[in-house]
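J.: Here it is, the structure, as structure tokens.
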Amino acid sequence: MSLINEKKDFKIIADLIPANSSVIDVGCNDGSLLEFLKEEKDINGRGMEIDQQKVQLCLSKGISVIEGDADLDLYDYPDNLFDYSILTYTLQATKSPKNVLSELVRISSKAIISFPNFGHWKIATSLLIKRKMPISEKLSYSWHETPNLHFCTINDFIDLCEEAGIRIEKQANLKTNRLNKFYGKNLLNSYFNEVGLFLVSKIKN
Amino acid sequence: MNENKIVELATEQALVLDCGKSLKSFKTAYTTYGKLNDAKDNAILICHALTGDQYVASNHPITKKEGWWSYIVGPEKPIDTNKFFVVCPNVIGGCMGSTGPKEINSETGKVYGTDFPVITIADMVRAQKLLIDYLGIEKIFCVTGGSMGGMLVLEWLSKFPEMVHSAIPIATATNHSAQNIALNELARQSIMADPNWNSGNYYNSDNKPLKGLSVARMAAHISYLSKDALHSKFGRNLQDKSSLDYSFDADFQIESYLRHQGFTFVDRFDANSYLYITRAMDYFDVSSSNDGSLIESFKNTFSKVLCISFTSDWLYPTSENKKIVKVFNTLGINVSFIEIETDGGHDSFLLEEPKLFEAMQGFIKSTYENL
């Protein structure tokens, strides 16, 4: 599942991360984002990946990687071990997105989360007009074979963060490649972004 | 380059053991493959398991079989002998030339037998460290081994962290579980129940405790395999017969196989060594010198580590290996982990397992390139 647009997404994620940060990429795929961040920001990176073939690829590139499952294995990390955790296009495939989000902001100071926005107008239109589960570039599986368990819209994500005590600091606009301060929910946001990409952190009690 | 060598170590200063006794001047038998480069940064130390020895990639002098890790060690293999200087010592307490119960005690001129001091995994590593010093290696590029070999790797990472650039502990644990101790005790009792064992004094006798050692090996061998592998390899098949014999002969193939494992083992292994080495494994707890704190035990470790486990290994299961990963993660150590799916059981690290090959090759190659 390589939904990530390497050129755009990698760049904008790199823009969010200060040099020399420690970073864990959960669902790190073949490790290319970690490699990119190493090159751009000289990060101290770690990966977690459920697919063993990709784990093998990471090992061959010298990336430190744990074969593991975001739903089960984040509990093994102590609080605030990393400066940043990254979860790209994986949230919707987890069994418990709320727990995973909470774990990410527990083990790192800040988390970068991206997911396909189910509220995008094309998807909504597909449901409304065709009465069929949408298939698009970002959502390329048909309903009966998708690994995705929990689709959400940008507005759903914002609600979940609130429920889980998570502050949204920034949102990326992948069309303009800009990072914007987050001002709260608005309908247009959920209509016109194919992807939600957020910088979040735990609200300290 | 790969013939067996023997070196006398601790000739000037005795090796002080955990039990309080010391070994003044002891022998280590070892093999090497490849050449140490000028920078001395290409040494790989291989730690063998309970019944392993230094013949890691060359034919065994007794069994004539190829080295126990020939699949992993050799030219173009993950531990590439064209590139690396590979060292594999027989542990102290062993029986392939290193000082152990069947060797002569230089102080008395007699065979040690059970006068040999009880040794620990930490003692074995201290002895290995003297060999590494002797070879002029200040920093080992990679220390690796499976099972007891993995314990030695962990001990290296804990006690001599500055000497280890990277490490691959395989199918191992930070200490021996009650189940593992129980299985070793079963093996020891079967050796000691053999009247030929004679309290360990059998070296001058024609009758050696071969039955006891053979049963010990049979019991241990079961623990190295998985239920599924036993089922698919043997099932309830009968051995060279079409019906049950109504006797206690080896009716089933699995019986015959285990008996064979037992018989052949006694040719190459010493019963007292088996007692000493299993005891060292049972005593092993890498955190024992730090009041049981694993965090304290690895707080000075900065090596790059790859931990490997096998799904069907019930002796050193994935959960035990993940415990190591968790501690290393907590300390921010550069640790990787892979769990290989196989029905090969604990013995998988000795089998031709392509995923093990790939993981070790990928890790070793990329780590050396980024040295």
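How things are named: the first chain in the structure tokens is A, the next is B, and so on; residues count from 1 in each chain; ligands count from 1 in the order shown.
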Identify all chain A residues at most 6 Å from chain B by counting only C-alpha atoms; ligands do not count. Present them as a VMD selection string.

T.: chain A and resid 56 59 to 62 64 to 67 76 to 78

J.: Put those residues in a file: all heavy atoms, as a PDB file, in the first residue's frame.

T.:
```pdb
ATOM      1  N   GLN A  56      12.738  -6.634   5.686  1.00  0.00           N
ATOM      2  CA  GLN A  56      14.000  -7.103   5.091  1.00  0.00           C
ATOM      3  C   GLN A  56      14.647  -5.993   4.248  1.00  0.00           C
ATOM      4  O   GLN A  56      15.859  -5.787   4.304  1.00  0.00           O
ATOM      5  CB  GLN A  56      13.756  -8.330   4.206  1.00  0.00           C
ATOM      6  CG  GLN A  56      13.287  -9.581   4.961  1.00  0.00           C
ATOM      7  CD  GLN A  56      14.423 -10.453   5.475  1.00  0.00           C
ATOM      8  OE1 GLN A  56      15.547  -9.993   5.649  1.00  0.00           O
ATOM      9  NE2 GLN A  56      14.134 -11.718   5.746  1.00  0.00           N
ATOM     10  N   LEU A  59      16.244  -3.505   6.524  1.00  0.00           N
ATOM     11  CA  LEU A  59      17.499  -4.024   7.078  1.00  0.00           C
ATOM     12  C   LEU A  59      18.631  -3.878   6.066  1.00  0.00           C
ATOM     13  O   LEU A  59      19.745  -3.503   6.411  1.00  0.00           O
ATOM     14  CB  LEU A  59      17.343  -5.506   7.464  1.00  0.00           C
ATOM     15  CG  LEU A  59      16.500  -5.816   8.705  1.00  0.00           C
ATOM     16  CD1 LEU A  59      16.379  -7.325   8.896  1.00  0.00           C
ATOM     17  CD2 LEU A  59      17.092  -5.181   9.950  1.00  0.00           C
ATOM     18  N   SER A  60      18.307  -4.168   4.808  1.00  0.00           N
ATOM     19  CA  SER A  60      19.361  -4.113   3.787  1.00  0.00           C
ATOM     20  C   SER A  60      19.795  -2.676   3.504  1.00  0.00           C
ATOM     21  O   SER A  60      20.857  -2.440   2.943  1.00  0.00           O
ATOM     22  CB  SER A  60      18.885  -4.791   2.506  1.00  0.00           C
ATOM     23  OG  SER A  60      17.908  -3.988   1.883  1.00  0.00           O
ATOM     24  N   LYS A  61      18.954  -1.712   3.906  1.00  0.00           N
ATOM     25  CA  LYS A  61      19.340  -0.303   3.735  1.00  0.00           C
ATOM     26  C   LYS A  61      19.983   0.261   4.999  1.00  0.00           C
ATOM     27  O   LYS A  61      20.282   1.454   5.074  1.00  0.00           O
ATOM     28  CB  LYS A  61      18.097   0.540   3.427  1.00  0.00           C
ATOM     29  CG  LYS A  61      17.454   0.257   2.095  1.00  0.00           C
ATOM     30  CD  LYS A  61      16.187   1.093   1.984  1.00  0.00           C
ATOM     31  CE  LYS A  61      15.525   0.912   0.631  1.00  0.00           C
ATOM     32  NZ  LYS A  61      14.271   1.696   0.577  1.00  0.00           N
ATOM     33  N   GLY A  62      20.130  -0.578   6.014  1.00  0.00           N
ATOM     34  CA  GLY A  62      20.763  -0.107   7.244  1.00  0.00           C
ATOM     35  C   GLY A  62      19.827   0.645   8.169  1.00  0.00           C
ATOM     36  O   GLY A  62      20.266   1.319   9.090  1.00  0.00           O
ATOM     37  N   SER A  64      17.185   0.877  11.150  1.00  0.00           N
ATOM     38  CA  SER A  64      16.779   0.088  12.320  1.00  0.00           C
ATOM     39  C   SER A  64      15.262  -0.038  12.308  1.00  0.00           C
ATOM     40  O   SER A  64      14.543   0.961  12.372  1.00  0.00           O
ATOM     41  CB  SER A  64      17.244   0.767  13.606  1.00  0.00           C
ATOM     42  OG  SER A  64      18.643   0.649  13.706  1.00  0.00           O
ATOM     43  N   VAL A  65      14.801  -1.263  12.238  1.00  0.00           N
ATOM     44  CA  VAL A  65      13.374  -1.491  12.034  1.00  0.00           C
ATOM     45  C   VAL A  65      12.894  -2.651  12.898  1.00  0.00           C
ATOM     46  O   VAL A  65      13.600  -3.645  13.073  1.00  0.00           O
ATOM     47  CB  VAL A  65      13.085  -1.764  10.532  1.00  0.00           C
ATOM     48  CG1 VAL A  65      13.825  -2.990  10.037  1.00  0.00           C
ATOM     49  CG2 VAL A  65      11.601  -1.912  10.258  1.00  0.00           C
ATOM     50  N   ILE A  66      11.707  -2.486  13.453  1.00  0.00           N
ATOM     51  CA  ILE A  66      11.094  -3.540  14.250  1.00  0.00           C
ATOM     52  C   ILE A  66       9.957  -4.129  13.446  1.00  0.00           C
ATOM     53  O   ILE A  66       9.093  -3.380  12.969  1.00  0.00           O
ATOM     54  CB  ILE A  66      10.505  -2.956  15.562  1.00  0.00           C
ATOM     55  CG1 ILE A  66      11.565  -2.227  16.374  1.00  0.00           C
ATOM     56  CG2 ILE A  66       9.808  -4.031  16.374  1.00  0.00           C
ATOM     57  CD1 ILE A  66      12.590  -3.081  17.029  1.00  0.00           C
ATOM     58  N   GLU A  67       9.944  -5.439  13.274  1.00  0.00           N
ATOM     59  CA  GLU A  67       8.777  -6.070  12.672  1.00  0.00           C
ATOM     60  C   GLU A  67       7.688  -6.019  13.726  1.00  0.00           C
ATOM     61  O   GLU A  67       7.812  -6.652  14.781  1.00  0.00           O
ATOM     62  CB  GLU A  67       9.087  -7.518  12.282  1.00  0.00           C
ATOM     63  CG  GLU A  67       7.889  -8.189  11.623  1.00  0.00           C
ATOM     64  CD  GLU A  67       8.173  -9.633  11.228  1.00  0.00           C
ATOM     65  OE1 GLU A  67       9.327 -10.068  11.302  1.00  0.00           O
ATOM     66  OE2 GLU A  67       7.208 -10.312  10.845  1.00  0.00           O
ATOM     67  N   ASP A  76       5.347  -1.073  23.796  1.00  0.00           N
ATOM     68  CA  ASP A  76       6.692  -1.447  24.251  1.00  0.00           C
ATOM     69  C   ASP A  76       7.643  -0.262  24.378  1.00  0.00           C
ATOM     70  O   ASP A  76       8.760  -0.429  24.854  1.00  0.00           O
ATOM     71  CB  ASP A  76       7.312  -2.460  23.267  1.00  0.00           C
ATOM     72  CG  ASP A  76       6.806  -3.867  23.549  1.00  0.00           C
ATOM     73  OD1 ASP A  76       6.108  -4.040  24.565  1.00  0.00           O
ATOM     74  OD2 ASP A  76       7.113  -4.767  22.757  1.00  0.00           O
ATOM     75  N   TYR A  77       7.224   0.909  23.936  1.00  0.00           N
ATOM     76  CA  TYR A  77       8.129   2.071  23.989  1.00  0.00           C
ATOM     77  C   TYR A  77       7.807   2.943  25.206  1.00  0.00           C
ATOM     78  O   TYR A  77       6.640   3.116  25.557  1.00  0.00           O
ATOM     79  CB  TYR A  77       7.997   2.913  22.719  1.00  0.00           C
ATOM     80  CG  TYR A  77       8.463   2.199  21.480  1.00  0.00           C
ATOM     81  CD1 TYR A  77       7.600   1.368  20.773  1.00  0.00           C
ATOM     82  CD2 TYR A  77       9.763   2.347  21.019  1.00  0.00           C
ATOM     83  CE1 TYR A  77       8.025   0.689  19.628  1.00  0.00           C
ATOM     84  CE2 TYR A  77      10.202   1.683  19.885  1.00  0.00           C
ATOM     85  CZ  TYR A  77       9.325   0.860  19.192  1.00  0.00           C
ATOM     86  OH  TYR A  77       9.745   0.195  18.073  1.00  0.00           O
ATOM     87  N   PRO A  78       8.843   3.488  25.832  1.00  0.00           N
ATOM     88  CA  PRO A  78       8.580   4.362  26.983  1.00  0.00           C
ATOM     89  C   PRO A  78       8.045   5.730  26.544  1.00  0.00           C
ATOM     90  O   PRO A  78       8.127   6.083  25.367  1.00  0.00           O
ATOM     91  CB  PRO A  78       9.968   4.512  27.617  1.00  0.00           C
ATOM     92  CG  PRO A  78      10.932   4.287  26.514  1.00  0.00           C
ATOM     93  CD  PRO A  78      10.278   3.335  25.549  1.00  0.00           C
TER      94      PRO A  78
END
```

J.: What's around A:Leu139 at 12 Å? Count only C-alpha atoms, leave out sequence neighbours fewer than 5 positions away in its own chain, and write the answer as a list in words.

T.: Met1, Ser2, Leu3, Ile4, Tyr89, Gln92, Ala93, Phe115, Pro116, Asn117, Phe118, His120, Lys122, Ile123, Met133, Pro134, Glu145, Thr146, Pro147, Asn148, Phe151, Glu194 and Val195 of chain A

J.: Would you compute the distance between atom CA of A:Leu160 and atom CA of A:Leu174? Give it in Å to one decimal.

T.: 21.7 Å

J.: Determine, counting only C-alpha atoms, which protein, DNA and RNA residues have an atom within 9 Å of an atom of A:Ser102; residues of the same chain fewer than 2 positions away are not included. Present the result as a PyMOL selection string.

T.: chain A and resi 97-100+104-107+161+164-166+202

J.: Okay, now the selection with C-alpha atoms, as a PDB file, in the first residue's frame?

T.:
```pdb
ATOM      1  CA  PRO A  97      -7.173   4.253  15.703  1.00  0.00           C
ATOM      2  CA  LYS A  98      -7.869   5.989  19.002  1.00  0.00           C
ATOM      3  CA  ASN A  99      -5.423   3.825  20.948  1.00  0.00           C
ATOM      4  CA  VAL A 100      -2.809   4.096  18.222  1.00  0.00           C
ATOM      5  CA  LEU A 104       1.908   7.907  19.266  1.00  0.00           C
ATOM      6  CA  VAL A 105       1.577  11.106  21.274  1.00  0.00           C
ATOM      7  CA  ARG A 106       2.681   9.226  24.381  1.00  0.00           C
ATOM      8  CA  ILE A 107       5.946   7.887  22.916  1.00  0.00           C
ATOM      9  CA  CYS A 161      -8.319  14.156  18.550  1.00  0.00           C
ATOM     10  CA  ALA A 164      -8.439  11.647  22.947  1.00  0.00           C
ATOM     11  CA  GLY A 165      -6.993  14.829  24.450  1.00  0.00           C
ATOM     12  CA  ILE A 166      -4.831  15.551  21.439  1.00  0.00           C
ATOM     13  CA  LYS A 202      -0.762  15.480  23.592  1.00  0.00           C
TER      14      LYS A 202
END
```

J.: Please identify all polymer residues within 12 Å of B:Gln179, counting only C-alpha atoms, omitting same-chain residues fewer than 5 positions from it, and present them as a list in words.

T.: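 Result of the neighbour search: Asn184, Glu185, Leu186, Ser223, Asp282, Trp314, Leu315, Tyr316 and Pro317 of chain B.
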
J.: I'd like to know which residues of stretch 10-205 of chain A are helix (DSSP H, G or I) (by DSSP, run on the backbone); could you write them as a PyMOL selection string?

T.: chain A and resi 10-16+32-41+52-60+70-76+91-93+97-107+121-130+154-163+187-192

J.: Could you write out that same residue set with C-alpha atoms as an mmCIF file, in the first residue's frame?

T.:
```cif
data_model
loop_
_atom_site.group_PDB
_atom_site.id
_atom_site.type_symbol
_atom_site.label_atom_id
_atom_site.label_comp_id
_atom_site.auth_asym_id
_atom_site.auth_seq_id
_atom_site.Cartn_x
_atom_site.Cartn_y
_atom_site.Cartn_z
ATOM 1 C CA PHE A 10 8.081 13.632 2.058
ATOM 2 C CA LYS A 11 8.952 17.262 1.579
ATOM 3 C CA ILE A 12 6.180 18.584 3.705
ATOM 4 C CA ILE A 13 6.906 16.057 6.465
ATOM 5 C CA ALA A 14 10.569 17.049 6.368
ATOM 6 C CA ASP A 15 9.497 20.682 6.744
ATOM 7 C CA LEU A 16 7.752 19.773 9.981
ATOM 8 C CA SER A 32 12.240 5.513 2.010
ATOM 9 C CA LEU A 33 10.722 8.277 4.151
ATOM 10 C CA LEU A 34 13.256 7.567 6.913
ATOM 11 C CA GLU A 35 16.039 7.646 4.338
ATOM 12 C CA PHE A 36 14.765 10.950 2.984
ATOM 13 C CA LEU A 37 14.582 12.464 6.467
ATOM 14 C CA LYS A 38 18.061 11.179 7.257
ATOM 15 C CA GLU A 39 19.368 12.925 4.181
ATOM 16 C CA GLU A 40 17.424 16.169 4.606
ATOM 17 C CA LYS A 41 17.422 16.506 8.385
ATOM 18 C CA GLN A 52 8.266 -8.803 6.676
ATOM 19 C CA GLN A 53 9.457 -8.315 3.112
ATOM 20 C CA LYS A 54 9.595 -4.592 3.745
ATOM 21 C CA VAL A 55 11.353 -5.201 7.056
ATOM 22 C CA GLN A 56 14.000 -7.103 5.091
ATOM 23 C CA LEU A 57 14.313 -4.171 2.672
ATOM 24 C CA CYS A 58 14.826 -1.765 5.568
ATOM 25 C CA LEU A 59 17.499 -4.024 7.078
ATOM 26 C CA SER A 60 19.361 -4.113 3.787
ATOM 27 C CA ALA A 70 0.971 -0.459 15.385
ATOM 28 C CA ASP A 71 -2.006 -1.866 17.303
ATOM 29 C CA LEU A 72 0.133 -4.083 19.529
ATOM 30 C CA ASP A 73 3.740 -3.016 19.678
ATOM 31 C CA LEU A 74 3.749 0.708 20.440
ATOM 32 C CA TYR A 75 3.101 -0.177 24.082
ATOM 33 C CA ASP A 76 6.692 -1.447 24.251
ATOM 34 C CA LEU A 91 -4.412 5.019 10.728
ATOM 35 C CA GLN A 92 -7.352 3.730 8.681
ATOM 36 C CA ALA A 93 -5.873 0.213 8.668
ATOM 37 C CA PRO A 97 -7.173 4.253 15.703
ATOM 38 C CA LYS A 98 -7.869 5.989 19.002
ATOM 39 C CA ASN A 99 -5.423 3.825 20.948
ATOM 40 C CA VAL A 100 -2.809 4.096 18.222
ATOM 41 C CA LEU A 101 -3.099 7.886 18.202
ATOM 42 C CA SER A 102 -2.859 8.031 21.978
ATOM 43 C CA GLU A 103 0.211 5.791 21.930
ATOM 44 C CA LEU A 104 1.908 7.907 19.266
ATOM 45 C CA VAL A 105 1.577 11.106 21.274
ATOM 46 C CA ARG A 106 2.681 9.226 24.381
ATOM 47 C CA ILE A 107 5.946 7.887 22.916
ATOM 48 C CA TRP A 121 -16.114 15.573 -2.547
ATOM 49 C CA LYS A 122 -15.176 12.923 -5.106
ATOM 50 C CA ILE A 123 -15.671 10.172 -2.592
ATOM 51 C CA ALA A 124 -18.838 11.654 -1.225
ATOM 52 C CA THR A 125 -20.136 12.020 -4.771
ATOM 53 C CA SER A 126 -19.336 8.430 -5.606
ATOM 54 C CA LEU A 127 -21.451 7.304 -2.693
ATOM 55 C CA LEU A 128 -24.185 9.801 -3.361
ATOM 56 C CA ILE A 129 -24.549 9.267 -7.103
ATOM 57 C CA LYS A 130 -23.254 5.788 -7.863
ATOM 58 C CA ILE A 154 -10.960 15.124 8.260
ATOM 59 C CA ASN A 155 -13.774 16.279 10.525
ATOM 60 C CA ASP A 156 -14.004 12.833 12.138
ATOM 61 C CA PHE A 157 -10.283 12.952 12.792
ATOM 62 C CA ILE A 158 -10.583 16.364 14.401
ATOM 63 C CA ASP A 159 -13.350 15.027 16.661
ATOM 64 C CA LEU A 160 -11.276 11.997 17.601
ATOM 65 C CA CYS A 161 -8.319 14.156 18.550
ATOM 66 C CA GLU A 162 -10.540 16.201 20.795
ATOM 67 C CA GLU A 163 -11.935 13.072 22.414
ATOM 68 C CA LEU A 187 -16.593 22.049 6.087
ATOM 69 C CA LEU A 188 -14.474 23.222 3.167
ATOM 70 C CA ASN A 189 -11.426 21.619 4.727
ATOM 71 C CA SER A 190 -13.071 18.212 4.703
ATOM 72 C CA TYR A 191 -14.573 18.727 1.225
ATOM 73 C CA PHE A 192 -11.484 19.668 -0.707
#
```

J.: Could you pull the residues within 12 Å of A:Lys181, counting only C-alpha atoms, minus those fewer than 2 positions along the same chain, as a list of chain:residue names?

T.: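 Residues near the query, excluding close chain neighbours: A:Arg167, A:Ile168, A:Glu169, A:Lys170, A:Gln171, A:Ala172, A:Asn173, A:Arg178, A:Leu179, A:Tyr183, A:Gly184, A:Phe198, A:Leu199, A:Val200.
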
J.: Next, the residues of the selection above should be written as a PDB file, in the first residue's frame with N, CA and C atoms.

T.:
```
ATOM      1  N   ARG A 167      -3.987  17.714  20.802  1.00  0.00           N
ATOM      2  CA  ARG A 167      -4.060  19.041  20.199  1.00  0.00           C
ATOM      3  C   ARG A 167      -3.569  18.984  18.752  1.00  0.00           C
ATOM      4  N   ILE A 168      -4.331  19.597  17.848  1.00  0.00           N
ATOM      5  CA  ILE A 168      -3.858  19.706  16.465  1.00  0.00           C
ATOM      6  C   ILE A 168      -3.101  21.022  16.336  1.00  0.00           C
ATOM      7  N   GLU A 169      -1.846  20.935  15.964  1.00  0.00           N
ATOM      8  CA  GLU A 169      -1.032  22.149  15.880  1.00  0.00           C
ATOM      9  C   GLU A 169      -1.021  22.720  14.474  1.00  0.00           C
ATOM     10  N   LYS A 170      -0.836  21.847  13.514  1.00  0.00           N
ATOM     11  CA  LYS A 170      -0.761  22.323  12.133  1.00  0.00           C
ATOM     12  C   LYS A 170      -1.450  21.353  11.206  1.00  0.00           C
ATOM     13  N   GLN A 171      -1.879  21.866  10.056  1.00  0.00           N
ATOM     14  CA  GLN A 171      -2.414  21.004   9.020  1.00  0.00           C
ATOM     15  C   GLN A 171      -1.708  21.353   7.717  1.00  0.00           C
ATOM     16  N   ALA A 172      -1.412  20.314   6.942  1.00  0.00           N
ATOM     17  CA  ALA A 172      -0.746  20.570   5.664  1.00  0.00           C
ATOM     18  C   ALA A 172      -1.782  20.643   4.564  1.00  0.00           C
ATOM     19  N   ASN A 173      -1.552  21.545   3.644  1.00  0.00           N
ATOM     20  CA  ASN A 173      -2.346  21.573   2.426  1.00  0.00           C
ATOM     21  C   ASN A 173      -1.461  21.004   1.324  1.00  0.00           C
ATOM     22  N   ARG A 178       1.701  23.699   1.614  1.00  0.00           N
ATOM     23  CA  ARG A 178       1.962  24.626   2.718  1.00  0.00           C
ATOM     24  C   ARG A 178       1.446  24.080   4.033  1.00  0.00           C
ATOM     25  N   LEU A 179       2.111  24.486   5.066  1.00  0.00           N
ATOM     26  CA  LEU A 179       1.692  24.109   6.400  1.00  0.00           C
ATOM     27  C   LEU A 179       0.932  25.274   7.002  1.00  0.00           C
ATOM     28  N   TYR A 183      -7.040  26.132  12.679  1.00  0.00           N
ATOM     29  CA  TYR A 183      -7.994  27.043  13.320  1.00  0.00           C
ATOM     30  C   TYR A 183      -9.283  26.351  13.731  1.00  0.00           C
ATOM     31  N   GLY A 184      -9.358  25.058  13.583  1.00  0.00           N
ATOM     32  CA  GLY A 184     -10.599  24.369  13.964  1.00  0.00           C
ATOM     33  C   GLY A 184     -11.315  23.809  12.746  1.00  0.00           C
ATOM     34  N   PHE A 198      -1.635  16.014   9.488  1.00  0.00           N
ATOM     35  CA  PHE A 198      -1.678  16.863  10.676  1.00  0.00           C
ATOM     36  C   PHE A 198      -0.450  16.692  11.555  1.00  0.00           C
ATOM     37  N   LEU A 199      -0.093  17.774  12.207  1.00  0.00           N
ATOM     38  CA  LEU A 199       0.910  17.709  13.268  1.00  0.00           C
ATOM     39  C   LEU A 199       0.148  17.826  14.584  1.00  0.00           C
ATOM     40  N   VAL A 200       0.287  16.813  15.428  1.00  0.00           N
ATOM     41  CA  VAL A 200      -0.487  16.817  16.675  1.00  0.00           C
ATOM     42  C   VAL A 200       0.419  16.553  17.874  1.00  0.00           C
TER      43      VAL A 200
END
```

J.: Would you list the contacts of stretch 259-262 of chain B as a ChimeraX atom specification, taking every protein, DNA or RNA residue within 8 Å and counting only C-alpha atoms, but skipping same-chain residues closer than 2 positions in sequence?

T.: /B:213-218,221,255-257,264-266

J.: Please produce a file of the residues just selected, as a compact mmCIF listing (two decimals), in the first residue's frame, where the atoms kept are all heavy atoms.

T.:
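Saved to part.txt:
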```txt
# COMPACT_ATOMS: atom_id res chain seq x y z
N LEU B 213 24.17 -39.86 28.50
CA LEU B 213 24.37 -38.69 27.62
C LEU B 213 23.45 -38.78 26.41
O LEU B 213 22.89 -37.77 25.97
CB LEU B 213 25.84 -38.64 27.16
CG LEU B 213 26.23 -37.50 26.23
CD1 LEU B 213 25.95 -36.14 26.89
CD2 LEU B 213 27.70 -37.58 25.83
N SER B 214 23.27 -39.98 25.92
CA SER B 214 22.41 -40.19 24.76
C SER B 214 20.95 -39.83 25.08
O SER B 214 20.27 -39.16 24.29
CB SER B 214 22.56 -41.66 24.33
OG SER B 214 21.57 -42.01 23.45
N VAL B 215 20.47 -40.24 26.25
CA VAL B 215 19.09 -39.90 26.64
C VAL B 215 18.97 -38.38 26.84
O VAL B 215 17.97 -37.77 26.46
CB VAL B 215 18.68 -40.66 27.92
CG1 VAL B 215 17.31 -40.19 28.41
CG2 VAL B 215 18.65 -42.16 27.64
N ALA B 216 20.01 -37.79 27.42
CA ALA B 216 20.00 -36.33 27.61
C ALA B 216 19.83 -35.64 26.26
O ALA B 216 19.03 -34.70 26.11
CB ALA B 216 21.31 -35.89 28.26
N ARG B 217 20.56 -36.12 25.27
CA ARG B 217 20.49 -35.52 23.95
C ARG B 217 19.11 -35.73 23.31
O ARG B 217 18.58 -34.84 22.65
CB ARG B 217 21.57 -36.14 23.05
CG ARG B 217 21.52 -35.72 21.61
CD ARG B 217 21.76 -34.23 21.46
NE ARG B 217 21.97 -33.85 20.06
CZ ARG B 217 22.20 -32.62 19.65
NH1 ARG B 217 22.25 -31.65 20.52
NH2 ARG B 217 22.39 -32.37 18.38
N MET B 218 18.55 -36.92 23.51
CA MET B 218 17.22 -37.20 22.95
C MET B 218 16.19 -36.22 23.51
O MET B 218 15.38 -35.65 22.78
CB MET B 218 16.80 -38.64 23.27
CG MET B 218 17.54 -39.68 22.46
SD MET B 218 17.31 -41.36 23.09
CE MET B 218 15.65 -41.73 22.52
N HIS B 221 16.80 -32.81 22.16
CA HIS B 221 16.49 -32.70 20.73
C HIS B 221 15.00 -32.44 20.49
O HIS B 221 14.63 -31.69 19.59
CB HIS B 221 16.95 -33.96 20.00
CG HIS B 221 17.10 -33.74 18.54
ND1 HIS B 221 18.19 -33.10 17.99
CD2 HIS B 221 16.27 -34.04 17.51
CE1 HIS B 221 18.03 -33.03 16.68
NE2 HIS B 221 16.88 -33.59 16.36
N GLU B 255 10.94 -42.59 17.06
CA GLU B 255 11.78 -43.25 18.08
C GLU B 255 13.16 -43.56 17.50
O GLU B 255 14.20 -43.32 18.10
CB GLU B 255 11.13 -44.56 18.54
CG GLU B 255 9.84 -44.36 19.31
CD GLU B 255 9.18 -45.70 19.63
OE1 GLU B 255 8.82 -46.45 18.70
OE2 GLU B 255 9.03 -46.01 20.82
N SER B 256 13.13 -44.12 16.31
CA SER B 256 14.37 -44.50 15.66
C SER B 256 15.24 -43.26 15.40
O SER B 256 16.45 -43.27 15.62
CB SER B 256 14.00 -45.21 14.37
OG SER B 256 15.08 -45.27 13.52
N TYR B 257 14.57 -42.17 14.97
CA TYR B 257 15.29 -40.92 14.71
C TYR B 257 15.95 -40.38 15.98
O TYR B 257 17.13 -40.00 15.98
CB TYR B 257 14.30 -39.89 14.13
CG TYR B 257 14.83 -38.48 14.03
CD1 TYR B 257 15.67 -38.10 13.00
CD2 TYR B 257 14.48 -37.52 14.99
CE1 TYR B 257 16.16 -36.80 12.92
CE2 TYR B 257 14.95 -36.22 14.91
CZ TYR B 257 15.80 -35.86 13.88
OH TYR B 257 16.27 -34.57 13.80
N THR B 264 24.67 -40.90 17.95
CA THR B 264 25.74 -40.21 17.21
C THR B 264 26.33 -39.07 18.04
O THR B 264 27.49 -38.73 17.89
CB THR B 264 25.23 -39.67 15.86
OG1 THR B 264 24.04 -38.92 16.11
CG2 THR B 264 24.91 -40.78 14.90
N PHE B 265 25.51 -38.52 18.92
CA PHE B 265 25.96 -37.38 19.72
C PHE B 265 27.11 -37.77 20.65
O PHE B 265 28.05 -36.99 20.84
CB PHE B 265 24.78 -36.85 20.52
CG PHE B 265 25.11 -35.67 21.40
CD1 PHE B 265 25.57 -34.47 20.84
CD2 PHE B 265 24.97 -35.74 22.78
CE1 PHE B 265 25.87 -33.39 21.64
CE2 PHE B 265 25.27 -34.65 23.58
CZ PHE B 265 25.72 -33.48 23.01
N VAL B 266 27.03 -38.98 21.21
CA VAL B 266 28.01 -39.36 22.23
C VAL B 266 29.43 -39.48 21.66
O VAL B 266 30.41 -39.42 22.39
CB VAL B 266 27.63 -40.66 22.97
CG1 VAL B 266 26.27 -40.49 23.66
CG2 VAL B 266 27.60 -41.84 22.01
```

J.: Separation of atom CA of A:Asn80 and atom CA of A:Ile203, in Å?

T.: 13.4 Å

J.: For A:Lys204, which residue out of A:Tyr84, A:Asn186, A:Ser109, A:Gly45 is the nearest one, using only C-alpha atoms?

T.: A:Ser109

J.: Quick check for you: according to DSSP on this backbone, which residues of stretch 6-156 of chain A are classed as strand (DSSP E or B)? Reply as a ChimeraX atom specification.

T.: /A:22-26,44-49,65-67,82-88,108-117,152
